[in-house]
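*Asks:* Input file: target_12.cif. Contents: mmCIF, C-alpha atoms and all ligand atoms.
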data_data
loop_
_atom_site.label_atom_id
_atom_site.label_comp_id
_atom_site.auth_asym_id
_atom_site.auth_seq_id
_atom_site.Cartn_x
_atom_site.Cartn_y
_atom_site.Cartn_z
CA MET A 25 126.26 15.45 36.02
CA SER A 26 126.20 19.15 36.80
CA LEU A 27 129.13 21.52 36.35
CA ASP A 28 129.42 21.60 40.12
CA ASP A 29 129.76 17.79 40.26
CA HIS A 30 132.40 17.84 37.54
CA ALA A 31 134.31 20.52 39.46
CA GLU A 32 134.03 18.55 42.70
CA GLU A 33 135.39 15.39 41.09
CA LEU A 34 138.19 17.19 39.34
CA ALA A 35 139.19 19.17 42.44
CA SER A 36 139.45 16.04 44.57
CA THR A 37 141.54 14.06 42.03
CA LEU A 38 143.83 17.03 41.43
CA GLY A 39 143.97 18.05 45.07
CA VAL A 40 143.26 21.69 44.35
CA ASP A 41 140.70 24.24 45.43
CA LYS A 42 137.23 23.48 44.05
CA SER A 43 136.14 27.09 43.51
CA GLU A 44 139.20 27.70 41.33
CA VAL A 45 138.57 24.57 39.28
CA LYS A 46 134.91 25.45 38.93
CA SER A 47 135.62 28.93 37.68
CA ASP A 48 138.09 27.59 35.09
CA LEU A 49 135.62 24.93 34.05
CA GLN A 50 132.85 27.50 33.76
CA ASN A 51 135.05 29.68 31.55
CA LEU A 52 135.84 26.84 29.18
CA VAL A 53 132.24 25.64 29.03
CA ASN A 54 131.05 29.21 28.43
CA TYR A 55 133.33 29.19 25.49
CA SER A 56 131.61 26.09 24.09
CA VAL A 57 134.46 23.72 24.95
CA PRO A 58 132.96 20.23 25.44
CA ILE A 59 133.03 19.22 29.10
CA ASP A 60 135.44 16.28 28.63
CA GLU A 61 137.87 18.42 26.70
CA ALA A 62 137.58 21.14 29.33
CA LYS A 63 138.39 18.64 32.11
CA ASP A 64 141.38 17.30 30.18
CA SER A 65 142.67 20.79 29.73
CA LEU A 66 142.34 21.47 33.46
CA ARG A 67 144.08 18.18 34.30
CA ARG A 68 146.99 19.38 32.19
CA LYS A 69 146.86 22.80 33.76
CA TYR A 70 146.96 21.49 37.31
CA GLY A 71 149.56 18.90 36.44
CA ASP A 72 147.63 15.70 37.12
CA SER A 73 149.84 12.55 37.27
CA SER A 74 152.76 14.31 35.61
CA GLY A 75 154.01 15.67 38.88
CA GLY A 76 155.46 18.48 36.77
CA ASP A 77 154.88 22.11 37.46
CA ALA A 78 151.82 23.87 36.06
CA THR A 79 153.54 27.21 35.67
CA PRO A 80 152.57 28.66 32.32
CA THR A 81 155.42 28.94 29.87
CA SER A 82 156.35 32.26 28.39
CA LYS A 83 155.98 32.17 24.62
CA ASP A 84 156.15 34.14 21.41
CA VAL A 85 152.74 34.41 19.78
CA ALA A 86 153.88 32.45 16.72
CA ASP A 87 154.96 29.54 18.95
CA ILE A 88 151.64 29.12 20.75
CA SER A 89 150.02 25.87 19.71
CA PRO A 90 146.61 24.34 20.45
CA ASN A 91 148.52 21.77 22.54
CA ASP A 92 149.59 24.40 25.07
CA SER A 93 147.28 24.45 28.06
CA ASN A 94 148.23 27.88 29.32
CA VAL A 95 150.82 30.47 28.41
CA THR A 96 152.28 33.80 29.40
CA VAL A 97 152.72 36.35 26.60
CA THR A 98 153.62 39.96 26.12
CA ALA A 99 151.54 41.35 23.28
CA ARG A 100 149.95 44.44 21.76
CA VAL A 101 146.16 44.65 21.53
CA LEU A 102 145.14 45.12 17.88
CA THR A 103 141.36 45.10 18.29
CA VAL A 104 138.78 44.99 21.06
CA GLY A 105 135.21 44.01 20.27
CA LYS A 106 132.58 44.04 23.01
CA ARG A 107 129.61 41.76 22.60
CA SER A 108 126.82 40.26 24.64
CA ILE A 109 126.24 36.53 24.35
CA ARG A 110 123.50 34.36 25.78
CA TYR A 111 124.70 31.60 28.08
CA GLN A 112 122.36 29.45 30.17
CA GLY A 113 119.59 32.02 29.98
CA GLU A 114 121.86 34.87 31.06
CA ASN A 115 123.37 37.68 29.02
CA GLN A 116 127.13 37.79 29.42
CA VAL A 117 129.35 40.53 28.07
CA ILE A 118 132.60 39.34 26.50
CA PHE A 119 135.53 41.13 24.86
CA GLU A 120 137.23 39.66 21.84
CA GLY A 121 139.69 40.54 19.15
CA GLU A 122 143.33 40.04 18.18
CA LEU A 123 146.67 40.39 19.94
CA ALA A 124 150.09 40.46 18.32
CA ASP A 125 153.80 40.53 18.99
CA GLU A 126 156.71 40.73 16.51
CA THR A 127 156.22 37.08 15.55
CA GLY A 128 152.50 36.86 14.76
CA LYS A 129 148.94 37.49 15.84
CA ILE A 130 146.33 35.49 17.72
CA SER A 131 142.62 35.78 18.57
CA TYR A 132 141.48 36.17 22.15
CA THR A 133 138.32 36.18 24.19
CA ALA A 134 138.20 37.91 27.60
CA TRP A 135 135.47 36.75 29.96
CA ASN A 136 136.17 39.54 32.43
CA ASP A 137 136.34 43.28 31.81
CA PHE A 138 140.07 43.91 32.07
CA GLY A 139 139.58 47.37 30.57
CA ILE A 140 141.87 46.57 27.67
CA GLU A 141 142.03 48.93 24.73
CA ALA A 142 143.39 48.71 21.20
CA GLY A 143 147.04 49.79 21.23
CA ASP A 144 147.74 48.61 24.80
CA THR A 145 150.86 46.54 25.35
CA LEU A 146 150.06 43.87 27.91
CA ALA A 147 151.93 41.28 29.92
CA ILE A 148 149.36 38.50 30.09
CA GLY A 149 149.93 35.79 32.69
CA ASN A 150 148.27 32.41 32.59
CA ALA A 151 146.04 32.68 29.54
CA ASN A 152 144.24 29.47 28.66
CA VAL A 153 144.80 28.19 25.14
CA ARG A 154 141.95 26.64 23.25
CA GLU A 155 141.68 25.41 19.72
CA TRP A 156 139.21 26.93 17.32
CA GLU A 157 139.05 25.77 13.69
CA GLY A 158 142.52 24.29 14.03
CA LYS A 159 144.09 27.48 15.36
CA PRO A 160 145.04 28.42 18.91
CA GLU A 161 143.05 31.13 20.70
CA LEU A 162 143.67 32.77 24.06
CA ASN A 163 141.04 32.64 26.72
CA LEU A 164 141.40 35.32 29.42
CA GLY A 165 139.46 34.67 32.60
CA ASP A 166 139.57 34.65 36.40
CA SER A 167 142.93 32.90 36.53
CA THR A 168 144.57 35.33 34.09
CA SER A 169 146.65 38.27 35.26
CA ILE A 170 147.04 41.35 33.08
CA ALA A 171 149.60 44.11 33.49
CA ARG A 172 150.03 47.13 31.24
CA GLU A 173 153.61 47.64 29.98
CA ASP A 174 155.01 51.15 29.71
CA GLU A 175 157.00 50.40 26.63
CA THR A 176 154.95 50.00 23.45
CA LEU A 177 155.64 46.82 21.54
CA ASP A 178 156.27 47.36 17.82
CA VAL A 179 154.19 44.97 15.78
CA PRO A 180 153.91 44.54 12.01
CA TYR A 181 150.08 44.89 12.06
CA ASP A 182 147.58 47.75 12.05
CA VAL A 183 146.15 48.65 15.42
CA GLY A 184 142.51 49.65 15.85
CA GLY A 185 140.52 47.46 13.50
CA ASP A 186 140.05 49.97 10.65
CA ALA A 187 138.87 47.98 7.64
CA THR A 188 137.29 48.25 4.22
CA LEU A 189 134.20 46.25 3.29
CA ASP A 190 135.98 44.04 0.75
CA SER A 191 138.47 42.89 3.39
CA LEU A 192 135.89 41.64 5.90
CA ALA A 193 135.36 37.96 6.62
CA PRO A 194 132.98 36.11 8.95
CA GLY A 195 134.53 35.99 12.44
CA ASP A 196 136.12 39.47 12.29
CA ARG A 197 135.38 41.52 15.40
CA GLY A 198 136.22 44.89 16.84
CA VAL A 199 135.97 46.27 13.31
CA ALA A 200 135.88 50.01 12.45
CA LEU A 201 134.34 51.15 9.15
CA GLU A 202 133.69 54.39 7.29
CA VAL A 203 130.71 53.72 5.07
CA VAL A 204 127.57 55.13 3.50
CA ALA A 205 124.24 53.45 4.22
CA VAL A 206 122.78 52.86 0.75
CA GLU A 207 119.70 50.90 1.86
CA VAL A 208 118.12 51.04 5.31
CA GLU A 209 114.97 49.23 6.41
CA ARG A 210 113.43 49.16 9.89
CA LYS A 211 112.00 45.79 10.89
CA THR A 212 110.31 44.27 13.89
CA ILE A 213 111.58 40.81 14.73
CA ASP A 214 110.98 38.20 17.41
CA GLY A 215 114.25 38.53 19.30
CA ARG A 216 115.47 36.59 22.32
CA ASP A 217 113.84 39.18 24.60
CA GLY A 218 110.55 39.44 22.73
CA GLU A 219 109.62 41.79 19.87
CA THR A 220 112.39 44.17 19.01
CA GLU A 221 113.20 46.71 16.32
CA ILE A 222 116.26 46.33 14.15
CA LEU A 223 117.72 48.01 11.09
CA SER A 224 118.89 46.08 8.09
CA GLY A 225 120.13 47.05 4.68
CA VAL A 226 123.28 47.62 2.69
CA LEU A 227 126.50 49.52 3.46
CA ALA A 228 128.96 50.69 0.83
CA ASP A 229 132.45 52.18 0.63
CA GLU A 230 135.05 52.61 -2.11
CA SER A 231 135.88 48.91 -1.96
CA GLY A 232 132.47 47.27 -2.14
CA ARG A 233 129.05 46.69 -0.62
CA LEU A 234 127.84 44.39 2.17
CA PRO A 235 124.55 43.77 4.00
CA PHE A 236 124.28 44.87 7.62
CA THR A 237 122.07 44.45 10.68
CA ASP A 238 121.91 46.99 13.51
CA TRP A 239 120.50 45.16 16.54
CA ASP A 240 120.14 48.39 18.51
CA PRO A 241 118.99 50.96 15.91
CA HIS A 242 121.38 53.91 15.78
CA PRO A 243 119.62 57.04 14.43
CA GLU A 244 122.84 58.07 12.58
CA ILE A 245 122.38 55.11 10.22
CA ALA A 246 119.94 56.53 7.66
CA GLU A 247 119.69 56.10 3.90
CA GLY A 248 122.32 58.16 2.10
CA ASP A 249 124.22 59.13 5.27
CA SER A 250 127.94 58.53 5.78
CA VAL A 251 129.00 57.21 9.18
CA ARG A 252 131.97 55.86 11.11
CA ILE A 253 131.04 52.65 12.91
CA GLU A 254 133.34 51.33 15.62
CA ASN A 255 133.18 47.96 17.30
CA ALA A 256 131.20 46.03 14.70
CA TYR A 257 131.54 42.32 14.08
CA VAL A 258 131.07 40.16 11.02
CA ARG A 259 128.92 37.06 10.69
CA GLU A 260 127.93 34.93 7.77
CA PHE A 261 124.35 35.39 6.63
CA ARG A 262 122.96 33.42 3.68
CA GLY A 263 126.45 32.63 2.47
CA VAL A 264 127.86 36.18 2.53
CA PRO A 265 129.65 38.26 5.21
CA SER A 266 127.27 40.57 7.05
CA VAL A 267 128.23 43.56 9.23
CA ASN A 268 126.66 43.43 12.71
CA VAL A 269 126.19 46.64 14.70
CA SER A 270 125.24 46.22 18.37
CA GLU A 271 124.43 48.17 21.53
CA PHE A 272 128.20 48.30 22.16
CA SER A 273 129.02 49.80 18.75
CA THR A 274 129.54 53.52 18.40
CA VAL A 275 128.18 55.28 15.32
CA ARG A 276 129.12 58.81 14.41
CA ALA A 277 128.00 60.92 11.43
CA LEU A 278 130.84 61.88 9.07
CA GLU A 279 131.18 65.41 7.72
CA VAL A 280 132.73 64.24 4.48
CA ALA A 281 130.60 61.85 2.45
CA VAL A 282 132.03 58.40 1.79
CA GLU A 283 132.33 57.60 -1.91
CA ALA A 284 130.49 54.40 -2.66
CA THR A 285 131.63 52.21 -5.48
CA ASP A 286 129.27 51.45 -8.36
CA SER A 287 131.27 48.47 -9.48
CA ALA A 288 131.54 44.96 -8.18
CA PRO A 289 134.63 42.74 -8.14
CA SER A 290 135.01 40.54 -11.20
CA VAL A 291 136.42 37.13 -10.29
CA SER A 292 136.50 33.59 -11.62
CA VAL A 293 133.68 31.21 -10.71
CA ARG A 294 136.13 29.10 -8.73
CA GLU A 295 137.35 32.03 -6.65
CA ALA A 296 133.80 33.26 -5.96
CA VAL A 297 132.69 29.78 -4.85
CA ASP A 298 135.87 29.30 -2.77
CA ARG A 299 135.09 32.50 -0.91
CA GLY A 300 131.88 30.84 0.28
CA GLY A 301 129.60 33.45 -1.29
CA MET A 302 129.77 37.10 -2.34
CA PHE A 303 127.18 39.82 -1.86
CA ASP A 304 127.88 41.63 -5.11
CA VAL A 305 130.03 40.02 -7.78
CA ILE A 306 130.52 39.96 -11.55
CA LEU A 307 131.03 36.59 -13.22
CA GLN A 308 131.71 35.94 -16.88
CA GLY A 309 130.98 32.62 -18.50
CA ASN A 310 129.00 30.67 -21.05
CA VAL A 311 125.46 29.51 -20.44
CA ILE A 312 125.76 25.77 -21.07
CA SER A 313 122.21 24.71 -20.26
CA VAL A 314 118.79 25.88 -19.13
CA ARG A 315 117.43 23.69 -16.36
CA ASP A 316 113.98 22.27 -15.70
CA GLY A 317 111.78 24.63 -13.78
CA SER A 318 112.56 27.50 -16.16
CA GLY A 319 110.20 29.53 -18.35
CA LEU A 320 106.54 29.61 -17.38
CA ILE A 321 106.26 28.35 -13.81
CA GLU A 322 103.71 28.35 -11.01
CA ARG A 323 104.35 29.59 -7.49
CA CYS A 324 102.52 28.96 -4.23
CA PRO A 325 100.45 32.06 -3.30
CA GLU A 326 101.43 31.54 0.37
CA CYS A 327 105.18 31.02 0.28
CA SER A 328 106.16 31.87 -3.34
CA ARG A 329 107.98 28.58 -3.77
CA VAL A 330 107.75 26.94 -7.18
CA ILE A 331 105.01 24.29 -7.20
CA GLN A 332 104.40 21.19 -9.32
CA LYS A 333 100.90 20.22 -10.54
CA GLY A 334 99.20 22.63 -8.13
CA GLN A 335 100.84 21.08 -5.04
CA CYS A 336 103.04 23.06 -2.64
CA ARG A 337 105.28 20.94 -0.41
CA THR A 338 104.27 22.99 2.58
CA HIS A 339 100.76 24.21 1.76
CA GLY A 340 99.30 21.27 -0.20
CA ALA A 341 96.82 21.93 -3.03
CA VAL A 342 96.91 25.64 -3.91
CA GLU A 343 95.82 27.91 -6.74
CA GLY A 344 99.22 28.55 -8.38
CA VAL A 345 100.37 32.02 -9.43
CA ASP A 346 102.00 32.18 -12.87
CA ASP A 347 105.52 33.58 -13.07
CA LEU A 348 108.58 33.64 -15.32
CA ARG A 349 112.11 32.74 -14.34
CA VAL A 350 115.27 31.08 -15.66
CA LYS A 351 117.60 28.63 -13.93
CA ALA A 352 120.67 28.16 -16.09
CA ILE A 353 124.18 26.80 -15.71
CA LEU A 354 127.00 29.31 -16.16
CA ASP A 355 130.46 27.85 -16.82
CA ASP A 356 133.70 29.86 -17.11
CA GLY A 357 136.13 26.95 -17.31
CA THR A 358 137.09 27.18 -13.62
CA GLY A 359 133.69 26.06 -12.33
CA THR A 360 129.93 26.36 -12.67
CA VAL A 361 127.14 28.16 -10.84
CA THR A 362 123.37 28.00 -11.15
CA LEU A 363 122.21 31.32 -12.51
CA ILE A 364 118.76 32.50 -11.39
CA LEU A 365 117.08 35.20 -13.46
CA ASP A 366 113.95 36.87 -12.07
CA ASP A 367 110.76 37.71 -14.00
CA GLU A 368 112.10 41.02 -15.36
CA LEU A 369 115.34 39.61 -16.74
CA THR A 370 113.44 36.59 -18.09
CA GLU A 371 110.92 38.87 -19.87
CA GLN A 372 113.79 40.64 -21.62
CA ILE A 373 115.26 37.38 -22.86
CA TYR A 374 111.95 35.81 -23.80
CA GLY A 375 110.65 39.00 -25.39
CA GLY A 376 107.30 38.97 -23.63
CA ASP A 377 105.61 38.98 -20.26
CA VAL A 378 103.77 36.29 -18.34
CA GLU A 379 100.52 36.85 -20.32
CA ASP A 380 102.40 36.47 -23.62
CA ALA A 381 103.98 33.30 -22.28
CA LYS A 382 100.58 31.85 -21.28
CA ALA A 383 99.12 32.64 -24.71
CA HIS A 384 102.17 31.07 -26.35
CA ALA A 385 101.81 27.88 -24.24
CA ARG A 386 98.06 27.65 -25.01
CA GLU A 387 98.68 28.07 -28.73
CA GLU A 388 101.29 25.32 -28.80
CA MET A 389 99.43 23.27 -26.17
CA ASP A 390 102.76 22.89 -24.39
CA GLN A 391 103.95 24.72 -21.27
CA GLU A 392 107.56 23.91 -22.18
CA VAL A 393 107.62 26.08 -25.33
CA VAL A 394 108.54 29.09 -23.19
CA ALA A 395 111.58 27.39 -21.68
CA ASP A 396 112.52 26.04 -25.12
CA THR A 397 112.42 29.56 -26.59
CA ILE A 398 114.64 30.85 -23.78
CA ARG A 399 117.02 27.91 -24.23
CA GLU A 400 117.47 28.67 -27.94
CA GLU A 401 118.04 32.31 -27.09
CA ILE A 402 120.74 32.05 -24.41
CA VAL A 403 122.58 28.71 -24.51
CA GLY A 404 126.06 29.02 -26.01
CA PRO A 405 127.31 32.60 -25.84
CA GLU A 406 129.35 34.20 -23.10
CA TYR A 407 127.63 36.51 -20.63
CA GLU A 408 128.59 39.01 -17.97
CA VAL A 409 126.36 38.52 -14.94
CA ARG A 410 126.22 40.60 -11.79
CA GLY A 411 124.44 39.49 -8.64
CA GLN A 412 124.59 37.86 -5.24
CA LEU A 413 126.30 34.49 -4.97
CA SER A 414 125.28 32.18 -2.17
CA VAL A 415 126.93 28.84 -1.57
CA ASP A 416 125.42 26.06 0.52
CA GLU A 417 125.39 22.27 0.62
CA TYR A 418 123.09 22.21 -2.44
CA GLY A 419 125.50 24.19 -4.58
CA ALA A 420 126.26 27.72 -5.72
CA ASN A 421 123.45 30.03 -6.82
CA LEU A 422 123.90 33.42 -8.44
CA ASN A 423 120.79 35.61 -8.11
CA ALA A 424 121.32 37.96 -11.03
CA VAL A 425 120.55 41.67 -11.00
CA SER A 426 121.99 42.14 -14.48
CA PHE A 427 122.62 39.74 -17.35
CA ALA A 428 124.14 40.74 -20.67
CA GLU A 429 126.15 39.16 -23.45
CA SER A 430 129.87 39.87 -22.99
CA ASP A 431 131.05 42.67 -25.22
CA ASP A 432 134.76 42.26 -24.81
CA ASP A 433 136.68 40.17 -27.26
CA PRO A 434 137.51 36.71 -25.87
CA ALA A 435 140.78 36.63 -27.86
CA GLU A 436 141.85 39.94 -26.34
CA ARG A 437 141.07 38.70 -22.86
CA ALA A 438 142.99 35.45 -23.45
CA ALA A 439 146.01 37.50 -24.57
CA ALA A 440 145.77 39.66 -21.44
CA LEU A 441 145.58 36.56 -19.29
CA LEU A 442 148.61 35.03 -21.00
CA ALA A 443 150.57 38.23 -20.51
CA GLU A 444 149.70 38.17 -16.82
CA VAL A 445 150.70 34.53 -16.42
CA GLY A 446 153.98 35.14 -18.29
CA ARG A 447 154.99 37.97 -15.98
ZN ZN B 1 103.56 27.14 -0.14
#
Re-express the file's structure as structure tokens.

*Replies:*
Amino acid sequence: MSLDDHAEELASTLGVDKSEVKSDLQNLVNYSVPIDEAKDSLRRKYGDSSGGDATPTSKDVADISPNDSNVTVTARVLTVGKRSIRYQGENQVIFEGELADETGKISYTAWNDFGIEAGDTLAIGNANVREWEGKPELNLGDSTSIAREDETLDVPYDVGGDATLDSLAPGDRGVALEVVAVEVERKTIDGRDGETEILSGVLADESGRLPFTDWDPHPEIAEGDSVRIENAYVREFRGVPSVNVSEFSTVRALEVAVEATDSAPSVSVREAVDRGGMFDVILQGNVISVRDGSGLIERCPECSRVIQKGQCRTHGAVEGVDDLRVKAILDDGTGTVTLILDDELTEQIYGGDVEDAKAHAREEMDQEVVADTIREEIVGPEYEVRGQLSVDEYGANLNAVSFAESDDDPAERAAALLAEVGR
């Protein structure tokens, strides 16, 4: 059944104009609302069988619930993010961000260009309410009326989307950042409109570091340069928040260089895992075991994945390439992660390179001697590890960039913790 058929059916049962129903339906479907849910919402909106009036109720932001079908609110615009999405083969520009009044804030998506700007106080009539991840969101479309109020509404939130890197979370939009580009790489990718150039790398500020992608390369983003980026959005990429810069973002060079932090946040394993991944984090814990697949290993020459008995899962029988690595379990009492140490860190622990390891294995006629040596070396003590934590359905992996035995006194740290708890 096409959208048109659904609209036809709905319009005739509700006794309302089909073009109006169709445009509402289109809006909801554009916003990924399943068709049945969209129809239910329109039945409520047009007052099917209730006989009641469909006039939207005027509400405080904090009182809007996913059960409301449409509402009227007076609110201040906190952020406006402009973004192009692909829907049914067409590019559509949408505007999204947050609105607030004295009682709370709420996300919105505008399907039309109402010309709204951060800081505006708006009287919004007939906004559709939809549920997203258990929370209500406002959907502004053809049936919504928007009027600018002369009097500015005081709200207990910052207007304009200025943020620091450590405060960003996937889903944030209309974000403004002052950062330094610490790594920038130009890449050609197969985009939705054919081959296209993008920039990717790492941004830093005083609060932390995050990866970024610029889908419409801005020349101001160059290695070592400080910039102000407006209208960026945040998505999750490989388990960590990633800053997305688009054709709608503005990028401006800053006269005063942004100070980038050299340090990473130090958190418990549980907190790091609960956050769903962290780009740059310090964890402290004991290595409790070294897993199989550590020490002297073989990788596929095509895809670099670890192979068993000369067989790659994807490429079949291949001539393996020798390598060194460690997969170990790090435990800090709040949780565990799988620690992955690359060839360089493994060489330091093992005290030799891949050729030494091969000679060692030949001598002992046992490939496992390398892993056994590493096991004896690292299992037990407490370590401070810095790296990138990614969390997926298979577990939490920390790809280490540094690995060293903890130098602070565990007793001292326990005392500090107790003092904190006792406060
Ligand atoms: Zn392979």

*Asks:* What residues have an atom no more than 10 Å from (139.0, 31.4, 35.4) in the file's own frame, counting all atoms listed in the file, and can you write them as an NGL selection string?

*Replies:* :A and (43-52 or 135-136 or 150-152 or 163-168)

*Asks:* Would you compute the distance between CA of Asp286 (chain A) and CA of Gln412 (chain A)? Give it in Å to one decimal.

*Replies:*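 Between CA of Asp286 (chain A) and CA of Gln412 (chain A) the gap works out to 14.7 Å.
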
*Asks:* For Asp229 (chain A), find every residue with an atom within 8 Å (counting all atoms listed in the file), except residues of its own chain fewer than 6 positions away, and show them as a ChimeraX atom specification.

*Replies:* /A:188-189,202-204,282-285

*Asks:* Would you export the selected residues with C-alpha atoms as a compact mmCIF listing (two decimals), keeping the file's coordinate frame, please?

*Replies:*
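So part.txt came out as:
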# COMPACT_ATOMS: atom_id res chain seq x y z
CA THR A 188 137.29 48.25 4.22
CA LEU A 189 134.20 46.25 3.29
CA GLU A 202 133.69 54.39 7.29
CA VAL A 203 130.71 53.72 5.07
CA VAL A 204 127.57 55.13 3.50
CA VAL A 282 132.03 58.40 1.79
CA GLU A 283 132.33 57.60 -1.91
CA ALA A 284 130.49 54.40 -2.66
CA THR A 285 131.63 52.21 -5.48

*Asks:* What's around Ala296 (chain A) at 9 Å? Count all atoms listed in the file, leave out sequence neighbours fewer than 6 positions away in its own chain, and write the answer as a ChimeraX atom specification.

*Replies:* /A:302,305,307,413

*Asks:* If we count all atoms listed in the file, what is near Ile321 (chain A) at a cut-off of 12 Å, once residues fewer than 6 positions away on the same chain are taken out, given as a PDB file with C-alpha atoms, in the frame of the given file?

*Replies:*
ATOM      1  CA  SER A 328     106.160  31.870  -3.340  1.00  0.00           C
ATOM      2  CA  ARG A 329     107.980  28.580  -3.770  1.00  0.00           C
ATOM      3  CA  VAL A 330     107.750  26.940  -7.180  1.00  0.00           C
ATOM      4  CA  ILE A 331     105.010  24.290  -7.200  1.00  0.00           C
ATOM      5  CA  GLN A 332     104.400  21.190  -9.320  1.00  0.00           C
ATOM      6  CA  LYS A 333     100.900  20.220 -10.540  1.00  0.00           C
ATOM      7  CA  GLY A 334      99.200  22.630  -8.130  1.00  0.00           C
ATOM      8  CA  GLY A 344      99.220  28.550  -8.380  1.00  0.00           C
ATOM      9  CA  VAL A 345     100.370  32.020  -9.430  1.00  0.00           C
ATOM     10  CA  ASP A 346     102.000  32.180 -12.870  1.00  0.00           C
ATOM     11  CA  ASP A 347     105.520  33.580 -13.070  1.00  0.00           C
ATOM     12  CA  LEU A 348     108.580  33.640 -15.320  1.00  0.00           C
ATOM     13  CA  ARG A 349     112.110  32.740 -14.340  1.00  0.00           C
ATOM     14  CA  VAL A 350     115.270  31.080 -15.660  1.00  0.00           C
ATOM     15  CA  LYS A 351     117.600  28.630 -13.930  1.00  0.00           C
ATOM     16  CA  ASP A 366     113.950  36.870 -12.070  1.00  0.00           C
ATOM     17  CA  ASP A 367     110.760  37.710 -14.000  1.00  0.00           C
ATOM     18  CA  THR A 370     113.440  36.590 -18.090  1.00  0.00           C
ATOM     19  CA  VAL A 378     103.770  36.290 -18.340  1.00  0.00           C
ATOM     20  CA  ALA A 381     103.980  33.300 -22.280  1.00  0.00           C
ATOM     21  CA  LYS A 382     100.580  31.850 -21.280  1.00  0.00           C
ATOM     22  CA  ALA A 385     101.810  27.880 -24.240  1.00  0.00           C
ATOM     23  CA  GLN A 391     103.950  24.720 -21.270  1.00  0.00           C
ATOM     24  CA  GLU A 392     107.560  23.910 -22.180  1.00  0.00           C
ATOM     25  CA  VAL A 393     107.620  26.080 -25.330  1.00  0.00           C
ATOM     26  CA  VAL A 394     108.540  29.090 -23.190  1.00  0.00           C
ATOM     27  CA  ALA A 395     111.580  27.390 -21.680  1.00  0.00           C
TER      28      ALA A 395
END

*Asks:* List as a count of residues only: which residues have an atom within 6 Å of (119.1, 26.1, -17.8), counting all atoms listed in the file?

*Replies:* 6

*Asks:* Have a look at A:Gly359, A:Gly185, A:Gly340, A:Pro241 and name the one nearest to ligand ZN 1 (chain B); count only C-alpha atoms and all ligand atoms.

*Replies:* A:Gly340

*Asks:* Please report, as a Markdown table, each residue of chain A lying at most 6 Å from ligand ZN 1 (chain B), together with the nearest pair of atoms and the separation in Å rounded to one decimal; use all atoms listed in the file, and order rows by chain and ascending residue number.

*Replies:*
| residue | atom | partner | partner_atom | distance |
| --- | --- | --- | --- | --- |
| A:Cys324 | CA | B:ZN1 | ZN | 4.6 |
| A:Glu326 | CA | B:ZN1 | ZN | 4.9 |
| A:Cys327 | CA | B:ZN1 | ZN | 4.2 |
| A:Arg329 | CA | B:ZN1 | ZN | 5.9 |
| A:Cys336 | CA | B:ZN1 | ZN | 4.8 |
| A:Thr338 | CA | B:ZN1 | ZN | 5.0 |
| A:His339 | CA | B:ZN1 | ZN | 4.5 |

*Asks:* What lies within 7 Å of region 206-217 of chain A using only C-alpha atoms, ignoring chain neighbours under 2 positions off, as a list in words?

*Replies:* Val204, Glu219, Thr220, Glu221, Ile222, Leu223, Ser224, Gly225, Val226, Leu227, Ala228, Ala246, Glu247 and Gly248 of chain A

*Asks:* Looking at all atoms listed in the file, which of A:Gly184, A:Gly319, A:Gly263, A:Gly309 is the one that sits closest to Tyr418 (chain A)?

*Replies:* A:Gly263

*Asks:* In Å to one decimal, how far is CA of Gly357 (chain A) from CA of Ile402 (chain A)?

*Replies:*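 Taking CA of Ile402 (chain A) as the start and CA of Gly357 (chain A) as the end point, the length is 17.7 Å.
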
*Asks:* So which one's closest to Leu34 (chain A), A:Thr362, A:Thr397, A:Gln112, A:Ser65? Using all atoms listed in the file, please.

*Replies:*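 The shortest atom-to-atom distance to Leu34 (chain A) comes from A:Ser65.
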
*Asks:* Rank nothing, just name the residue among A:Asp60, A:Thr274, A:Tyr55, A:Lys129 nearest to Gln116 (chain A), using all atoms listed in the file.

*Replies:*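 Ranked by minimum distance to Gln116 (chain A), first place goes to A:Tyr55.
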
*Asks:* Rounded to one decimal place, report the CA of Thr98 (chain A)-CA of Lys159 (chain A) distance in Å.

*Replies:*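 Taking CA of Thr98 (chain A) as the start and CA of Lys159 (chain A) as the end point, the length is 19.0 Å.
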
*Asks:* Using only C-alpha atoms, can you tell me which of A:Lys83, A:Arg100, A:Arg110, A:Arg197 comes closest to Ala256 (chain A)?

*Replies:* A:Arg197

*Asks:* Between A:Ser414, A:Asn54, A:Ser266, A:Thr145, which is the closest to Ile109 (chain A) once you count all atoms listed in the file?

*Replies:*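 Selected residue with least distance to Ile109 (chain A): A:Asn54.
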
*Asks:* So that each row is one residue of region 233-277 of chain A with an atom at most 12 Å from region 117-127 of chain A, can you give its shortest atom pair and the distance in Å to one decimal, using all atoms listed in the file, rows by chain and rising number, as JSON lines?

*Replies:*
{"residue": "A:Asn255", "atom": "CA", "partner": "A:Gly121", "partner_atom": "CA", "distance": 10.0}
{"residue": "A:Ala256", "atom": "CA", "partner": "A:Gly121", "partner_atom": "CA", "distance": 11.0}
{"residue": "A:Tyr257", "atom": "CA", "partner": "A:Gly121", "partner_atom": "CA", "distance": 9.8}
{"residue": "A:Val258", "atom": "CA", "partner": "A:Gly121", "partner_atom": "CA", "distance": 11.9}
{"residue": "A:Ser270", "atom": "CA", "partner": "A:Val117", "partner_atom": "CA", "distance": 12.0}
{"residue": "A:Glu271", "atom": "CA", "partner": "A:Val117", "partner_atom": "CA", "distance": 11.2}
{"residue": "A:Phe272", "atom": "CA", "partner": "A:Val117", "partner_atom": "CA", "distance": 9.8}
